[in-house]
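Here is the structure we will look at, set down as structure tokens.
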Amino acid sequence: MLRIILFGMLLQTGPNLLAVEPETLAIGQKAPAFSLKGIDDQTYTLNSFKEAKVLAIVFTANHCPTAQAYEERMKELSSRYTPEEMQLVAISSNHPGAVCLEELGYTDLGDSFEEMKIRAQYKGYNFPYLYDGEEQSAALAYGAKATPHLFIFDRERKLCYSGRIDDMEDPYKTPARTDARNAIDALLAGNVVAVKTTKAFGCSMKWKSKLSWRLTLDERWKEKPVVLEETDLEGIKSLINNQGDSYRLINVWATWCGPCVIEFPEFVKMQRMYGQRNFEVVSVSIDKATVTERVKAFLVEHEAAFTNYLYVGIDREGFINAFDPAWQGNLPFTLLVAPGGEVLYRHDGIIDPLEVKQAIVKELGRYFADDRQ
């Protein structure tokens, strides 16, 4: 109890004072109480699941590649048992503000409450998904170390197992040791759990104390140089042909275009999110060369630290056809081009950022295993 009170005091005192990880709940200890809002906007407590003989609580997150790799297995685990036998409950405890953009390279969503709703609906979660991101009281009380981190309790709500769901992070392969299922089956059969603890591997918990690190990365990004180069029609054709190794998201825009100005910051976020993988954002302005300084000032203001071109060619129809013969030339216009030049996504008009990010992640992959293929 002292451990729980201590960390609660630290959170109340200030977000940067949580300098050490909380101690993980020990086998045999009772499940700490909680009161958390679910994605259905209902409040859930420990008592909400009193009918289940076994309670499995997994701390997870939208953005974590490992957590995403286990989503289908969490659904399978939940559907394997009746609600009276076992209830699986997922809790997202990451503080949304402490998740850096550079940590979102395997996802289209952050860890906010509203984004939890989107992910759960998209994946068809068949278990409650609760939000603990503001106070992180549940994660502190249980001592969650990673996402995912599983805790399994018996009828008396004493901890009987904690750790991983199984021994295989790669979602394309079959696990050899189904630790969570073994523990649940043992409890339902009235037996002692043979393996009580395993290592919980995955992304680290994003505590409030990491807010300062997020600000540090924001400042570092601001220091990156912003460059604007001129290009002609041949340069545009080469850009679309994309003989490089990276997926290329190309945005055609202008400073006088209202929708262009509105959506532009989203491309900066995408570069920060996916730029550490085989991905790059490229902007192409069709402003007149006489306002080059205005274009450069806009790019600097919006921290566009990626490849930026100003089209100075005179063949406007050729420029449009180079991107897409069906495009009428209206702005903004966005393309996702694969290495080799295949156009994977195109959109004229203001983008839906989530739609674009989904198109990007579809190609880059959501799991660490995708990088090894």
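Going by the structure tokens order, chains are called A, B, ..., each with residues numbered from 1, while ligands are numbered from 1 in the order shown.
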
Shell of 9 Å around A:Arg181, only C-alpha atoms, local chain residues under 6 positions omitted, as a list in words: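 What passes the distance filter is Leu77, Ile165 and Asp166 of chain A.
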
Dump N, CA and C atoms for the selected residues as an mmCIF file, in the first residue's frame?
```cif
data_model
loop_
_atom_site.group_PDB
_atom_site.id
_atom_site.type_symbol
_atom_site.label_atom_id
_atom_site.label_comp_id
_atom_site.auth_asym_id
_atom_site.auth_seq_id
_atom_site.Cartn_x
_atom_site.Cartn_y
_atom_site.Cartn_z
ATOM 1 N N LEU A 77 -8.109 -14.810 -27.196
ATOM 2 C CA LEU A 77 -8.118 -15.208 -25.791
ATOM 3 C C LEU A 77 -9.448 -14.835 -25.143
ATOM 4 N N ILE A 165 1.906 -12.510 -22.857
ATOM 5 C CA ILE A 165 0.746 -13.297 -23.286
ATOM 6 C C ILE A 165 1.206 -14.656 -23.806
ATOM 7 N N ASP A 166 2.250 -14.654 -24.605
ATOM 8 C CA ASP A 166 2.905 -15.885 -25.047
ATOM 9 C C ASP A 166 4.339 -15.540 -25.428
#
```

Counting only C-alpha atoms, which residues in stretch 106-127 of chain A sit no more than 9 Å from stretch 351-359 of chain A? For each one, give the nearest pair of atoms and the distance in Å, sorted by chain then residue number, as CSV.
```
residue,atom,partner,partner_atom,distance
A:Thr107,CA,A:Lys357,CA,7.8
A:Asp108,CA,A:Lys357,CA,5.1
A:Leu109,CA,A:Leu354,CA,7.7
```

Expected answer as a PyMOL selection string: strand (DSSP E or B) residues in stretch 122-359 of chain A: chain A and resi 129-131+146-147+149-153+158-163+197+203-204+227-231+247-253+279-285+307-311+333-337+343-348

Coordinates-based distance that separates atom CA of A:Gln271 from atom CA of A:Pro225 (Å, one decimal):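 Taking atom CA of A:Pro225 and atom CA of A:Gln271, their separation equals 14.0 Å.
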
Stretch 327-329 of chain A surroundings by only C-alpha atoms, 10 Å radius, close-in-sequence under 6 positions cut, as a count of residues only: 9
